[in-house]
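Listing of work-v5.pdb; format and content: PDB, C-alpha atoms.
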```
ATOM      1  CA  MET A   1       0.980 139.970 110.853
ATOM      2  CA  SER A   2      -1.300 142.505 112.504
ATOM      3  CA  LEU A   3      -3.105 141.920 115.771
ATOM      4  CA  GLU A   4      -6.338 142.009 113.791
ATOM      5  CA  ALA A   5      -5.143 139.246 111.479
ATOM      6  CA  GLY A   6      -4.078 137.193 114.473
ATOM      7  CA  ARG A   7      -7.654 137.195 115.672
ATOM      8  CA  ALA A   8      -9.061 136.139 112.315
ATOM      9  CA  ASN A   9     -11.502 133.263 112.406
ATOM     10  CA  LEU A  10     -10.295 130.745 109.843
ATOM     11  CA  ASP A  11     -13.038 128.132 110.232
ATOM     12  CA  PHE A  12     -14.355 129.063 106.798
ATOM     13  CA  ALA A  13     -10.994 128.406 105.109
ATOM     14  CA  ARG A  14     -10.557 125.032 106.833
ATOM     15  CA  LYS A  15     -14.070 123.968 105.846
ATOM     16  CA  LEU A  16     -13.581 125.104 102.248
ATOM     17  CA  ILE A  17     -10.367 123.069 101.959
ATOM     18  CA  GLN A  18     -12.052 120.026 103.506
ATOM     19  CA  HIS A  19     -14.994 120.398 101.125
ATOM     20  CA  ASN A  20     -12.658 120.634  98.135
ATOM     21  CA  CYS A  21     -10.994 117.348  99.092
ATOM     22  CA  TRP A  22     -14.298 115.636  99.917
ATOM     23  CA  GLU A  23     -15.992 116.745  96.701
ATOM     24  CA  GLY A  24     -12.977 115.800  94.596
ATOM     25  CA  ALA A  25     -12.912 112.307  96.099
ATOM     26  CA  ARG A  26     -16.681 111.951  95.660
ATOM     27  CA  VAL A  27     -16.531 112.927  91.987
ATOM     28  CA  TRP A  28     -13.718 110.448  91.464
ATOM     29  CA  ARG A  29     -15.517 107.603  93.264
ATOM     30  CA  LEU A  30     -19.052 108.100  91.937
ATOM     31  CA  ALA A  31     -18.560 109.698  88.522
ATOM     32  CA  ILE A  32     -15.083 108.869  87.203
ATOM     33  CA  ALA A  33     -14.376 105.391  88.575
ATOM     34  CA  PRO A  34     -17.308 103.750  86.701
ATOM     35  CA  LEU A  35     -16.011 105.010  83.319
ATOM     36  CA  THR A  36     -14.099 102.902  80.843
ATOM     37  CA  ASP A  37     -10.632 104.125  79.835
ATOM     38  CA  ALA A  38     -12.053 105.084  76.447
ATOM     39  CA  GLN A  39     -14.706 107.263  78.114
ATOM     40  CA  PHE A  40     -12.100 108.780  80.443
ATOM     41  CA  ASN A  41     -10.019 109.841  77.434
ATOM     42  CA  GLN A  42     -12.883 110.678  75.054
ATOM     43  CA  GLU A  43     -12.699 114.099  73.385
ATOM     44  CA  VAL A  44     -15.522 116.532  74.146
ATOM     45  CA  ARG A  45     -16.013 120.034  72.794
ATOM     46  CA  PHE A  46     -15.891 122.172  75.911
ATOM     47  CA  GLY A  47     -13.701 122.831  78.936
ATOM     48  CA  LEU A  48     -10.256 121.269  78.586
ATOM     49  CA  GLY A  49     -11.538 118.721  76.073
ATOM     50  CA  SER A  50     -11.548 115.458  78.073
ATOM     51  CA  ILE A  51     -12.096 114.153  81.587
ATOM     52  CA  GLN A  52      -8.471 113.051  81.683
ATOM     53  CA  ARG A  53      -7.232 116.594  81.006
ATOM     54  CA  GLU A  54      -9.666 118.079  83.531
ATOM     55  CA  CYS A  55      -8.415 115.669  86.226
ATOM     56  CA  TRP A  56      -4.799 116.292  85.348
ATOM     57  CA  HIS A  57      -5.297 120.050  85.495
ATOM     58  CA  ILE A  58      -6.960 119.947  88.929
ATOM     59  CA  LEU A  59      -4.314 117.576  90.252
ATOM     60  CA  GLU A  60      -1.485 119.745  88.929
ATOM     61  CA  ASN A  61      -2.985 122.977  90.273
ATOM     62  CA  GLU A  62      -3.668 121.505  93.709
ATOM     63  CA  GLY A  63      -0.173 119.988  93.879
ATOM     64  CA  THR A  64       1.640 123.111  92.687
ATOM     65  CA  CYS A  65      -0.300 125.465  94.954
ATOM     66  CA  LEU A  66       0.309 123.222  97.961
ATOM     67  CA  GLN A  67       4.053 123.285  97.284
ATOM     68  CA  ARG A  68       4.024 127.060  96.962
ATOM     69  CA  ILE A  69       2.051 127.411 100.188
ATOM     70  CA  ARG A  70       4.564 125.185 101.945
ATOM     71  CA  GLY A  71       7.276 127.561 100.727
ATOM     72  CA  SER A  72       9.039 125.394  98.178
ATOM     73  CA  LEU A  73       9.451 126.099  94.490
ATOM     74  CA  PRO A  74       7.129 123.798  92.542
ATOM     75  CA  ASP A  75       8.498 121.027  90.388
ATOM     76  CA  ALA A  76       8.453 121.584  86.664
ATOM     77  CA  ALA A  77       4.965 120.815  85.402
ATOM     78  CA  PRO A  78       4.732 117.079  84.644
ATOM     79  CA  ALA A  79       3.975 116.144  81.063
ATOM     80  CA  MET A  80       0.514 114.901  80.192
ATOM     81  CA  PRO A  81       0.655 111.095  80.018
ATOM     82  CA  VAL A  82       0.105 109.733  76.523
ATOM     83  CA  SER A  83      -2.262 107.080  77.807
ATOM     84  CA  ALA A  84      -4.324 107.571  80.917
ATOM     85  CA  ASP A  85      -3.132 105.707  83.976
ATOM     86  CA  ARG A  86      -6.091 106.369  86.189
ATOM     87  CA  ALA A  87      -4.871 104.268  89.088
ATOM     88  CA  LYS A  88      -1.645 106.248  89.257
ATOM     89  CA  MET A  89      -3.469 109.534  88.887
ATOM     90  CA  GLN A  90      -5.856 108.594  91.707
ATOM     91  CA  MET A  91      -2.949 107.712  94.007
ATOM     92  CA  GLN A  92      -1.268 111.050  93.254
ATOM     93  CA  TRP A  93      -4.524 112.862  93.916
ATOM     94  CA  GLU A  94      -5.068 111.081  97.230
ATOM     95  CA  ALA A  95      -1.542 112.019  98.319
ATOM     96  CA  ILE A  96      -2.155 115.656  97.409
ATOM     97  CA  HIS A  97      -5.468 115.655  99.250
ATOM     98  CA  ALA A  98      -3.725 114.232 102.310
ATOM     99  CA  GLY A  99      -1.367 117.206 102.102
ATOM    100  CA  TRP A 100      -4.268 119.638 101.866
ATOM    101  CA  THR A 101      -6.082 117.961 104.773
ATOM    102  CA  GLN A 102      -2.913 118.347 106.830
ATOM    103  CA  LEU A 103      -2.707 122.005 105.820
ATOM    104  CA  ALA A 104      -6.309 122.592 106.933
ATOM    105  CA  SER A 105      -5.546 121.121 110.351
ATOM    106  CA  GLU A 106      -2.427 123.304 110.746
ATOM    107  CA  LEU A 107      -3.867 126.508 109.306
ATOM    108  CA  ASP A 108      -3.383 129.544 111.517
ATOM    109  CA  ALA A 109      -3.403 133.269 110.829
ATOM    110  CA  ALA A 110       0.390 133.484 110.510
ATOM    111  CA  LEU A 111       0.374 130.963 107.667
ATOM    112  CA  PHE A 112      -2.888 132.158 106.116
ATOM    113  CA  PHE A 113      -1.693 135.725 105.611
ATOM    114  CA  SER A 114       1.920 134.896 104.700
ATOM    115  CA  ASP A 115       3.554 135.133 101.252
ATOM    116  CA  CYS A 116       3.742 131.939  99.203
ATOM    117  CA  ALA A 117       6.738 130.831  97.118
ATOM    118  CA  PRO A 118       6.924 132.207  93.555
ATOM    119  CA  ALA A 119       5.616 130.327  90.519
ATOM    120  CA  ALA A 120       7.582 127.619  88.661
ATOM    121  CA  ASP A 121       8.506 130.001  85.845
ATOM    122  CA  GLY A 122      10.489 132.108  88.328
ATOM    123  CA  SER A 123       8.119 135.038  88.193
ATOM    124  CA  ALA A 124       8.116 136.896  91.457
ATOM    125  CA  ASP A 125       4.372 137.174  91.800
ATOM    126  CA  LYS A 126       3.422 138.236  95.271
ATOM    127  CA  LEU A 127       0.488 136.073  96.172
ATOM    128  CA  LYS A 128      -0.567 135.360  99.727
ATOM    129  CA  VAL A 129      -1.320 131.870 100.965
ATOM    130  CA  TRP A 130      -5.036 132.671 101.316
ATOM    131  CA  GLN A 131      -5.165 133.741  97.676
ATOM    132  CA  LEU A 132      -3.718 130.432  96.463
ATOM    133  CA  ILE A 133      -6.131 128.519  98.705
ATOM    134  CA  MET A 134      -9.073 130.346  97.093
ATOM    135  CA  ASP A 135      -7.577 129.750  93.654
ATOM    136  CA  VAL A 136      -7.646 126.002  94.323
ATOM    137  CA  ILE A 137     -11.190 126.185  95.738
ATOM    138  CA  TYR A 138     -12.678 127.946  92.711
ATOM    139  CA  GLN A 139     -10.671 126.146  90.042
ATOM    140  CA  GLY A 140     -11.785 122.905  91.698
ATOM    141  CA  SER A 141     -15.456 123.941  91.540
ATOM    142  CA  THR A 142     -15.217 125.064  87.917
ATOM    143  CA  HIS A 143     -13.457 121.945  86.667
ATOM    144  CA  ARG A 144     -15.603 119.528  88.687
ATOM    145  CA  SER A 145     -18.634 121.130  87.037
ATOM    146  CA  ASP A 146     -17.035 120.471  83.650
ATOM    147  CA  ILE A 147     -16.244 116.867  84.623
ATOM    148  CA  MET A 148     -19.873 116.234  85.637
ATOM    149  CA  ARG A 149     -21.091 117.436  82.243
ATOM    150  CA  MET A 150     -18.413 115.401  80.445
ATOM    151  CA  VAL A 151     -19.423 112.256  82.360
ATOM    152  CA  ALA A 152     -23.033 112.891  81.322
ATOM    153  CA  GLU A 153     -21.907 113.198  77.705
ATOM    154  CA  VAL A 154     -19.629 110.137  77.483
ATOM    155  CA  HIS A 155     -21.550 107.869  79.904
ATOM    156  CA  GLU A 156     -24.620 108.978  81.881
ATOM    157  CA  PRO A 157     -25.436 111.908  84.177
ATOM    158  CA  PRO A 158     -23.958 111.390  87.673
ATOM    159  CA  ALA A 159     -26.667 110.812  90.266
ATOM    160  CA  PHE A 160     -25.598 113.539  92.685
ATOM    161  CA  ASP A 161     -25.236 117.325  92.876
ATOM    162  CA  LEU A 162     -22.147 119.387  93.508
ATOM    163  CA  SER A 163     -22.993 121.650  96.440
ATOM    164  CA  LEU A 164     -20.972 123.311  99.173
ATOM    165  CA  MET A 165     -24.123 123.971 101.208
ATOM    166  CA  GLN A 166     -25.152 120.321 101.146
ATOM    167  CA  TYR A 167     -21.695 119.398 102.467
ATOM    168  CA  LEU A 168     -21.714 122.070 105.187
ATOM    169  CA  THR A 169     -25.235 121.369 106.425
ATOM    170  CA  GLY A 170     -25.405 117.625 105.835
ATOM    171  CA  VAL A 171     -28.757 118.140 104.086
ATOM    172  CA  PHE A 172     -28.539 116.431 100.713
ATOM    173  CA  ARG A 173     -31.004 116.335  97.856
ATOM    174  CA  LYS A 174     -33.002 113.126  98.135
TER     175      LYS A 174
ATOM    176  CA  MET B   1      -9.622 140.922 108.194
ATOM    177  CA  THR B   2     -11.903 137.967 107.439
ATOM    178  CA  ALA B   3     -14.498 140.336 106.011
ATOM    179  CA  ASP B   4     -11.849 141.869 103.729
ATOM    180  CA  ILE B   5     -11.154 138.430 102.261
ATOM    181  CA  VAL B   6     -14.861 137.744 101.741
ATOM    182  CA  LYS B   7     -15.185 141.120  99.995
ATOM    183  CA  ALA B   8     -12.194 140.359  97.753
ATOM    184  CA  ILE B   9     -13.762 137.051  96.676
ATOM    185  CA  PHE B  10     -17.121 138.777  96.141
ATOM    186  CA  GLU B  11     -15.405 141.259  93.804
ATOM    187  CA  TYR B  12     -13.865 138.332  91.868
ATOM    188  CA  GLN B  13     -17.178 136.487  91.662
ATOM    189  CA  THR B  14     -19.206 139.462  90.457
ATOM    190  CA  GLY B  15     -16.457 140.334  87.956
ATOM    191  CA  GLU B  16     -16.601 136.826  86.486
ATOM    192  CA  ASP B  17     -20.420 136.921  86.430
ATOM    193  CA  ARG B  18     -20.347 140.177  84.451
ATOM    194  CA  ARG B  19     -17.638 138.915  82.097
ATOM    195  CA  LEU B  20     -19.762 135.867  81.330
ATOM    196  CA  TRP B  21     -22.814 138.030  80.646
ATOM    197  CA  ASP B  22     -20.966 140.636  78.558
ATOM    198  CA  GLU B  23     -18.603 138.401  76.598
ATOM    199  CA  ALA B  24     -20.527 135.132  76.211
ATOM    200  CA  ILE B  25     -24.274 135.483  76.857
ATOM    201  CA  MET B  26     -25.208 138.856  75.391
ATOM    202  CA  PRO B  27     -23.438 138.309  72.013
ATOM    203  CA  LEU B  28     -25.553 135.178  71.345
ATOM    204  CA  GLN B  29     -28.495 135.253  68.992
ATOM    205  CA  GLU B  30     -31.722 135.735  70.987
ATOM    206  CA  ALA B  31     -32.969 132.284  69.915
ATOM    207  CA  ALA B  32     -29.869 130.617  71.370
ATOM    208  CA  PHE B  33     -30.952 131.698  74.824
ATOM    209  CA  THR B  34     -33.862 129.254  74.784
ATOM    210  CA  VAL B  35     -32.213 126.290  73.017
ATOM    211  CA  ASP B  36     -32.692 123.131  75.103
ATOM    212  CA  THR B  37     -29.207 121.648  75.605
ATOM    213  CA  GLY B  38     -30.513 118.584  77.440
ATOM    214  CA  TYR B  39     -28.371 119.132  80.534
ATOM    215  CA  SER B  40     -28.976 120.637  83.988
ATOM    216  CA  TRP B  41     -31.604 123.410  83.622
ATOM    217  CA  GLY B  42     -31.704 122.799  79.876
ATOM    218  CA  THR B  43     -31.653 126.335  78.527
ATOM    219  CA  LEU B  44     -29.465 129.320  79.294
ATOM    220  CA  GLN B  45     -32.656 131.177  80.130
ATOM    221  CA  ARG B  46     -33.645 128.730  82.894
ATOM    222  CA  GLU B  47     -30.042 128.444  84.114
ATOM    223  CA  CYS B  48     -29.733 132.233  84.486
ATOM    224  CA  VAL B  49     -33.097 132.468  86.273
ATOM    225  CA  HIS B  50     -32.068 129.703  88.689
ATOM    226  CA  VAL B  51     -28.753 131.384  89.535
ATOM    227  CA  VAL B  52     -30.208 134.823  90.168
ATOM    228  CA  ASP B  53     -33.010 133.280  92.243
ATOM    229  CA  VAL B  54     -30.421 131.553  94.466
ATOM    230  CA  MET B  55     -28.462 134.817  94.766
ATOM    231  CA  HIS B  56     -31.697 136.504  95.839
ATOM    232  CA  ALA B  57     -32.695 133.725  98.257
ATOM    233  CA  SER B  58     -29.242 133.652  99.855
ATOM    234  CA  LEU B  59     -29.371 137.364 100.593
ATOM    235  CA  GLU B  60     -32.908 137.119 101.959
ATOM    236  CA  ARG B  61     -31.731 134.385 104.340
ATOM    237  CA  LEU B  62     -28.881 136.579 105.589
ATOM    238  CA  ASN B  63     -31.327 139.419 106.170
ATOM    239  CA  GLY B  64     -33.492 137.119 108.277
ATOM    240  CA  VAL B  65     -36.295 137.004 105.733
ATOM    241  CA  LYS B  66     -38.183 133.774 105.103
ATOM    242  CA  VAL B  67     -37.748 133.295 101.358
ATOM    243  CA  THR B  68     -41.122 133.457  99.629
ATOM    244  CA  THR B  69     -40.201 135.566  96.594
ATOM    245  CA  VAL B  70     -38.116 135.074  93.449
ATOM    246  CA  ALA B  71     -35.856 137.495  91.618
ATOM    247  CA  VAL B  72     -37.376 136.907  88.188
ATOM    248  CA  THR B  73     -41.174 136.984  88.163
ATOM    249  CA  MET B  74     -41.867 136.760  84.409
ATOM    250  CA  ASP B  75     -42.886 133.412  82.866
ATOM    251  CA  ASP B  76     -40.740 133.741  79.752
ATOM    252  CA  PRO B  77     -38.119 136.414  80.519
ATOM    253  CA  THR B  78     -35.805 137.868  77.901
ATOM    254  CA  ARG B  79     -32.071 138.172  78.446
ATOM    255  CA  GLU B  80     -32.472 141.879  79.149
ATOM    256  CA  GLN B  81     -35.121 141.214  81.793
ATOM    257  CA  ILE B  82     -33.013 138.592  83.535
ATOM    258  CA  ARG B  83     -29.903 140.765  83.325
ATOM    259  CA  ALA B  84     -31.831 143.662  84.882
ATOM    260  CA  ALA B  85     -32.992 141.407  87.722
ATOM    261  CA  TRP B  86     -29.422 140.108  88.135
ATOM    262  CA  ASP B  87     -28.085 143.675  88.339
ATOM    263  CA  ARG B  88     -30.673 144.568  90.992
ATOM    264  CA  VAL B  89     -29.788 141.542  93.141
ATOM    265  CA  GLU B  90     -26.065 142.181  92.680
ATOM    266  CA  ALA B  91     -26.551 145.823  93.758
ATOM    267  CA  ARG B  92     -28.283 144.623  96.931
ATOM    268  CA  TRP B  93     -25.389 142.213  97.570
ATOM    269  CA  MET B  94     -22.952 145.110  97.100
ATOM    270  CA  ARG B  95     -24.729 147.098  99.782
ATOM    271  CA  TYR B  96     -24.651 144.066 102.070
ATOM    272  CA  MET B  97     -20.937 143.540 101.430
ATOM    273  CA  ALA B  98     -20.127 147.220 102.037
ATOM    274  CA  ALA B  99     -21.489 146.873 105.574
ATOM    275  CA  LEU B 100     -19.983 143.445 106.271
ATOM    276  CA  ASP B 101     -17.532 143.248 109.182
ATOM    277  CA  ASP B 102     -15.583 140.449 110.875
ATOM    278  CA  LEU B 103     -18.166 139.897 113.601
ATOM    279  CA  THR B 104     -20.972 139.521 111.074
ATOM    280  CA  VAL B 105     -19.061 136.923 109.035
ATOM    281  CA  THR B 106     -19.097 134.485 111.945
ATOM    282  CA  ARG B 107     -22.461 135.479 113.459
ATOM    283  CA  GLU B 108     -25.031 132.680 113.371
ATOM    284  CA  VAL B 109     -28.375 133.120 111.650
ATOM    285  CA  ASP B 110     -31.503 130.976 111.466
ATOM    286  CA  ILE B 111     -32.124 129.747 107.955
ATOM    287  CA  VAL B 112     -34.280 127.215 106.140
ATOM    288  CA  TYR B 113     -32.328 125.122 103.650
ATOM    289  CA  ARG B 114     -34.071 122.440 101.628
ATOM    290  CA  GLU B 115     -37.052 122.667 103.994
ATOM    291  CA  THR B 116     -34.791 122.098 107.008
ATOM    292  CA  GLU B 117     -34.538 124.735 109.733
ATOM    293  CA  MET B 118     -31.010 125.279 111.025
ATOM    294  CA  ARG B 119     -28.672 127.812 112.594
ATOM    295  CA  THR B 120     -25.521 128.455 110.568
ATOM    296  CA  PRO B 121     -22.734 131.051 110.442
ATOM    297  CA  VAL B 122     -23.201 133.861 107.930
ATOM    298  CA  TRP B 123     -20.079 132.846 105.979
ATOM    299  CA  GLN B 124     -21.687 129.542 104.976
ATOM    300  CA  THR B 125     -24.489 131.231 103.058
ATOM    301  CA  ILE B 126     -22.087 133.737 101.487
ATOM    302  CA  PHE B 127     -19.699 131.014 100.312
ATOM    303  CA  HIS B 128     -22.642 128.932  99.108
ATOM    304  CA  PHE B 129     -23.544 131.836  96.817
ATOM    305  CA  PHE B 130     -19.914 132.048  95.582
ATOM    306  CA  ASN B 131     -19.652 128.292  94.968
ATOM    307  CA  HIS B 132     -23.084 128.047  93.371
ATOM    308  CA  ASN B 133     -22.347 130.848  90.903
ATOM    309  CA  THR B 134     -18.962 129.258  90.058
ATOM    310  CA  LEU B 135     -20.569 125.875  89.308
ATOM    311  CA  HIS B 136     -23.283 127.431  87.157
ATOM    312  CA  ARG B 137     -20.926 129.755  85.252
ATOM    313  CA  ALA B 138     -19.146 126.580  84.163
ATOM    314  CA  GLU B 139     -22.474 125.000  83.148
ATOM    315  CA  MET B 140     -23.435 128.105  81.180
ATOM    316  CA  ARG B 141     -20.113 128.063  79.337
ATOM    317  CA  GLN B 142     -20.710 124.364  78.535
ATOM    318  CA  MET B 143     -24.116 125.282  77.094
ATOM    319  CA  ILE B 144     -22.694 128.186  75.102
ATOM    320  CA  ALA B 145     -19.934 125.955  73.712
ATOM    321  CA  GLN B 146     -22.608 123.452  72.660
ATOM    322  CA  ILE B 147     -24.727 126.148  71.009
ATOM    323  CA  SER B 148     -22.125 128.402  69.424
ATOM    324  CA  GLY B 149     -18.815 126.531  69.622
ATOM    325  CA  ALA B 150     -16.809 128.974  71.748
ATOM    326  CA  ALA B 151     -17.445 129.996  75.315
ATOM    327  CA  GLY B 152     -14.181 131.138  76.946
ATOM    328  CA  ALA B 153     -13.356 130.317  80.558
ATOM    329  CA  ASP B 154     -13.348 131.865  84.010
ATOM    330  CA  ASN B 155     -10.194 133.737  84.997
ATOM    331  CA  SER B 156      -8.536 132.110  88.000
ATOM    332  CA  PHE B 157      -8.681 133.838  91.373
ATOM    333  CA  SER B 158      -4.882 134.164  91.454
ATOM    334  CA  ALA B 159      -4.882 135.820  88.010
ATOM    335  CA  HIS B 160      -7.546 138.209  89.285
ATOM    336  CA  CYS B 161      -5.426 139.036  92.353
ATOM    337  CA  LEU B 162      -2.266 139.584  90.271
ATOM    338  CA  ALA B 163      -4.153 141.803  87.825
ATOM    339  CA  LYS B 164      -5.501 143.876  90.704
ATOM    340  CA  ALA B 165      -2.025 144.231  92.205
ATOM    341  CA  GLY B 166      -0.786 145.527  88.842
TER     342      GLY B 166
END
```

If you convert what's in this file into structure tokens, what do you get?
Amino acid sequence: MSLEAGRANLDFARKLIQHNCWEGARVWRLAIAPLTDAQFNQEVRFGLGSIQRECWHILENEGTCLQRIRGSLPDAAPAMPVSADRAKMQMQWEAIHAGWTQLASELDAALFFSDCAPAADGSADKLKVWQLIMDVIYQGSTHRSDIMRMVAEVHEPPAFDLSLMQYLTGVFRK
Amino acid sequence: MTADIVKAIFEYQTGEDRRLWDEAIMPLQEAAFTVDTGYSWGTLQRECVHVVDVMHASLERLNGVKVTTVAVTMDDPTREQIRAAWDRVEARWMRYMAALDDLTVTREVDIVYRETEMRTPVWQTIFHFFNHNTLHRAEMRQMIAQISGAAGADNSFSAHCLAKAG
């Protein structure tokens, strides 16, 4: 790590991780929790095709990337459950978010600019920790946007906006 | 070092914006651009105008300008007119990014957000622009899937980084 990297201000990365966890939990609580199981599993014609698959994809990506950042080879990708067990999925997600919250509190330049462990398929891709963090941030935003639209389609439009700026400033749309 | 990371994410974001325009929006029939999908801004036209206006407003804030203008001034703009406005705003962002350094990323600026005056670090407005475009690219792909059946998806940031590394 260079002297320059050692002086890097990582407030932005910590805040982005915290926002990702906060927004994920908010979408779960306010948009997903009110759904019936049938709505949660209902097929739609965009994104990954259902809210269940969107949630599973985010959960899997966040879990795998966290393992790679922590330096361990990720577990083989878990199979998609035949029937949705939302309670179990929520518990897994909360555990993963606890891991990410811990990472945000420990994040320093040495970790931020270090190499992460290779992917599950054994490919020796050379990604840095900061690159995987940003992967999780932007995949999270993309798939939460899809979930919001899916909830509107199978139930009713959620009564809140997704917005990083609202989270950072505390100024929310009334 | 922090500025280098911001610039790398900016390159990813603008690349995904252009891919969406070139591969998903421009091939549509002209009439599809104004089909009301019943969600968010309704039409691709209004969605695109909203996004480029926020890109414009974000940059004005960073330059210390009280935002009183919009990027698209026409009442019923065509795709080509919005794309031209988008390209102009993106070019201004590129000039801003070329001059960005580590000190500027964390410097605080006075902004007005949702009619509230506040002092925030520069990175917050930059990452707001990144996050906002990401959310709306997804919404545009949802609209395009509804209108034409196929819309593709954003490339992940890690795939972008691996492709760049060769």

Looking at all atoms listed in the file, which of B:Ala99, B:Ile25, B:Leu44, B:Ala84 is the one that sits closest to Glu139 in chain B?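 Of the candidates, the smallest distance to Glu139 in chain B is held by B:Leu44.
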
Which chain B residues are at most 9 Å from chain A (counting only C-alpha atoms), as JSON, numbers by chain? {"B": [1, 2, 5, 9, 39, 40, 102, 106, 113, 114, 116, 118, 120, 123, 124, 125, 127, 128, 130, 131, 132, 134, 135, 136, 137, 138, 139, 141, 142, 143, 145, 146, 149, 150, 151, 152, 153, 154, 156, 157, 158, 159, 161, 162, 165]}

Restricting it to C-alpha atoms, dump the selection as a compact mmCIF listing (two decimals), in the frame of the given file.
```
# COMPACT_ATOMS: atom_id res chain seq x y z
CA MET B 1 -9.62 140.92 108.19
CA THR B 2 -11.90 137.97 107.44
CA ILE B 5 -11.15 138.43 102.26
CA ILE B 9 -13.76 137.05 96.68
CA TYR B 39 -28.37 119.13 80.53
CA SER B 40 -28.98 120.64 83.99
CA ASP B 102 -15.58 140.45 110.88
CA THR B 106 -19.10 134.49 111.94
CA TYR B 113 -32.33 125.12 103.65
CA ARG B 114 -34.07 122.44 101.63
CA THR B 116 -34.79 122.10 107.01
CA MET B 118 -31.01 125.28 111.02
CA THR B 120 -25.52 128.46 110.57
CA TRP B 123 -20.08 132.85 105.98
CA GLN B 124 -21.69 129.54 104.98
CA THR B 125 -24.49 131.23 103.06
CA PHE B 127 -19.70 131.01 100.31
CA HIS B 128 -22.64 128.93 99.11
CA PHE B 130 -19.91 132.05 95.58
CA ASN B 131 -19.65 128.29 94.97
CA HIS B 132 -23.08 128.05 93.37
CA THR B 134 -18.96 129.26 90.06
CA LEU B 135 -20.57 125.88 89.31
CA HIS B 136 -23.28 127.43 87.16
CA ARG B 137 -20.93 129.76 85.25
CA ALA B 138 -19.15 126.58 84.16
CA GLU B 139 -22.47 125.00 83.15
CA ARG B 141 -20.11 128.06 79.34
CA GLN B 142 -20.71 124.36 78.54
CA MET B 143 -24.12 125.28 77.09
CA ALA B 145 -19.93 125.96 73.71
CA GLN B 146 -22.61 123.45 72.66
CA GLY B 149 -18.82 126.53 69.62
CA ALA B 150 -16.81 128.97 71.75
CA ALA B 151 -17.44 130.00 75.32
CA GLY B 152 -14.18 131.14 76.95
CA ALA B 153 -13.36 130.32 80.56
CA ASP B 154 -13.35 131.86 84.01
CA SER B 156 -8.54 132.11 88.00
CA PHE B 157 -8.68 133.84 91.37
CA SER B 158 -4.88 134.16 91.45
CA ALA B 159 -4.88 135.82 88.01
CA CYS B 161 -5.43 139.04 92.35
CA LEU B 162 -2.27 139.58 90.27
CA ALA B 165 -2.02 144.23 92.20
```

What would the selection look like, as a list in words, if the PyMOL selection byres ((chain B and resi 32) around 10) were run on the coordinates I just shared?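 Those residues are Ile25, Leu28, Gln29, Glu30, Ala31, Phe33, Thr34, Val35, Asp36, Thr37, Thr43, Leu44, Gln45, Met143, Ile144, Ile147 and Ser148 of chain B.
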
Take CA of Thr68 in chain B and CA of Arg92 in chain B and report the distance between them in Å, one decimal.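 CA of Thr68 in chain B sits 17.2 Å away from CA of Arg92 in chain B.
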
A:Asp85, A:His97, A:Leu35, A:Leu30: which is nearest Leu59 in chain A, counting all atoms listed in the file?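 So, comparing all the options, the nearest one is A:His97.
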
I need the residue nearest Pro121 in chain B from this list: B:His56, B:Arg61, B:Lys164, B:Arg18. Use all atoms listed in the file for the distance.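 When distances to Pro121 in chain B are compared using all atoms listed in the file, the smallest one comes from B:Arg61.
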
My list of candidates is B:Ile82, B:Asp53, B:Thr14, B:Val89. Which is closest to Val67 in chain B when distances are computed with all atoms listed in the file?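 Once distances to Val67 in chain B are computed over all atoms listed in the file, the minimum belongs to B:Asp53.
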
As AutoDock Vina command-line options, what would the box around range 109-115 of chain A look like: edges along x, y and z, 8 Å added on every side, centre and edge lengths in Å to one decimal?
```
--center_x 0.1 --center_y 133.3 --center_z 106.0 --size_x 23.0 --size_y 20.8 --size_z 25.6
```

Give me the residues near Arg119 in chain B as a PyMOL selection string, where near means some atom within 7 Å (using only C-alpha atoms) and where sequence neighbours in that chain fewer than 6 positions away do not count. chain B and resi 108-111

Can you turn the PyMOL selection byres ((chain A and resi 34) around 12) into a concrete residue list for this file, as JSON, numbers by chain? {"A": [27, 28, 29, 30, 31, 32, 33, 35, 36, 37, 38, 39, 40, 86, 151, 154, 155, 156, 157, 158]}

Exactly which residues make up the result of the PyMOL selection byres ((chain B and resi 94) around 12) on this file, given as number ranges by chain? B: 6-8, 10-11, 13-14, 55, 59, 87-93, 95-100

So how many Å separate CA of Trp86 in chain B and CA of Val52 in chain B, to one decimal? 5.7 Å

Distance of CA of Arg53 in chain A from CA of Pro118 in chain A, expressed in Å to one decimal place: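 CA of Arg53 in chain A lies at a distance of 24.5 Å from CA of Pro118 in chain A.
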
For Val72 in chain B, which residue out of B:Glu60, B:Asn133, B:Val51, B:Val122 is the nearest one, using all atoms listed in the file? B:Val51

Within 12 Å of (-5.2, 117.9, 85.6), all atoms listed in the file: residues as a ChimeraX atom specification? /A:47-64,77-81,84,86,89-90,92-93,139-140,143-144,147
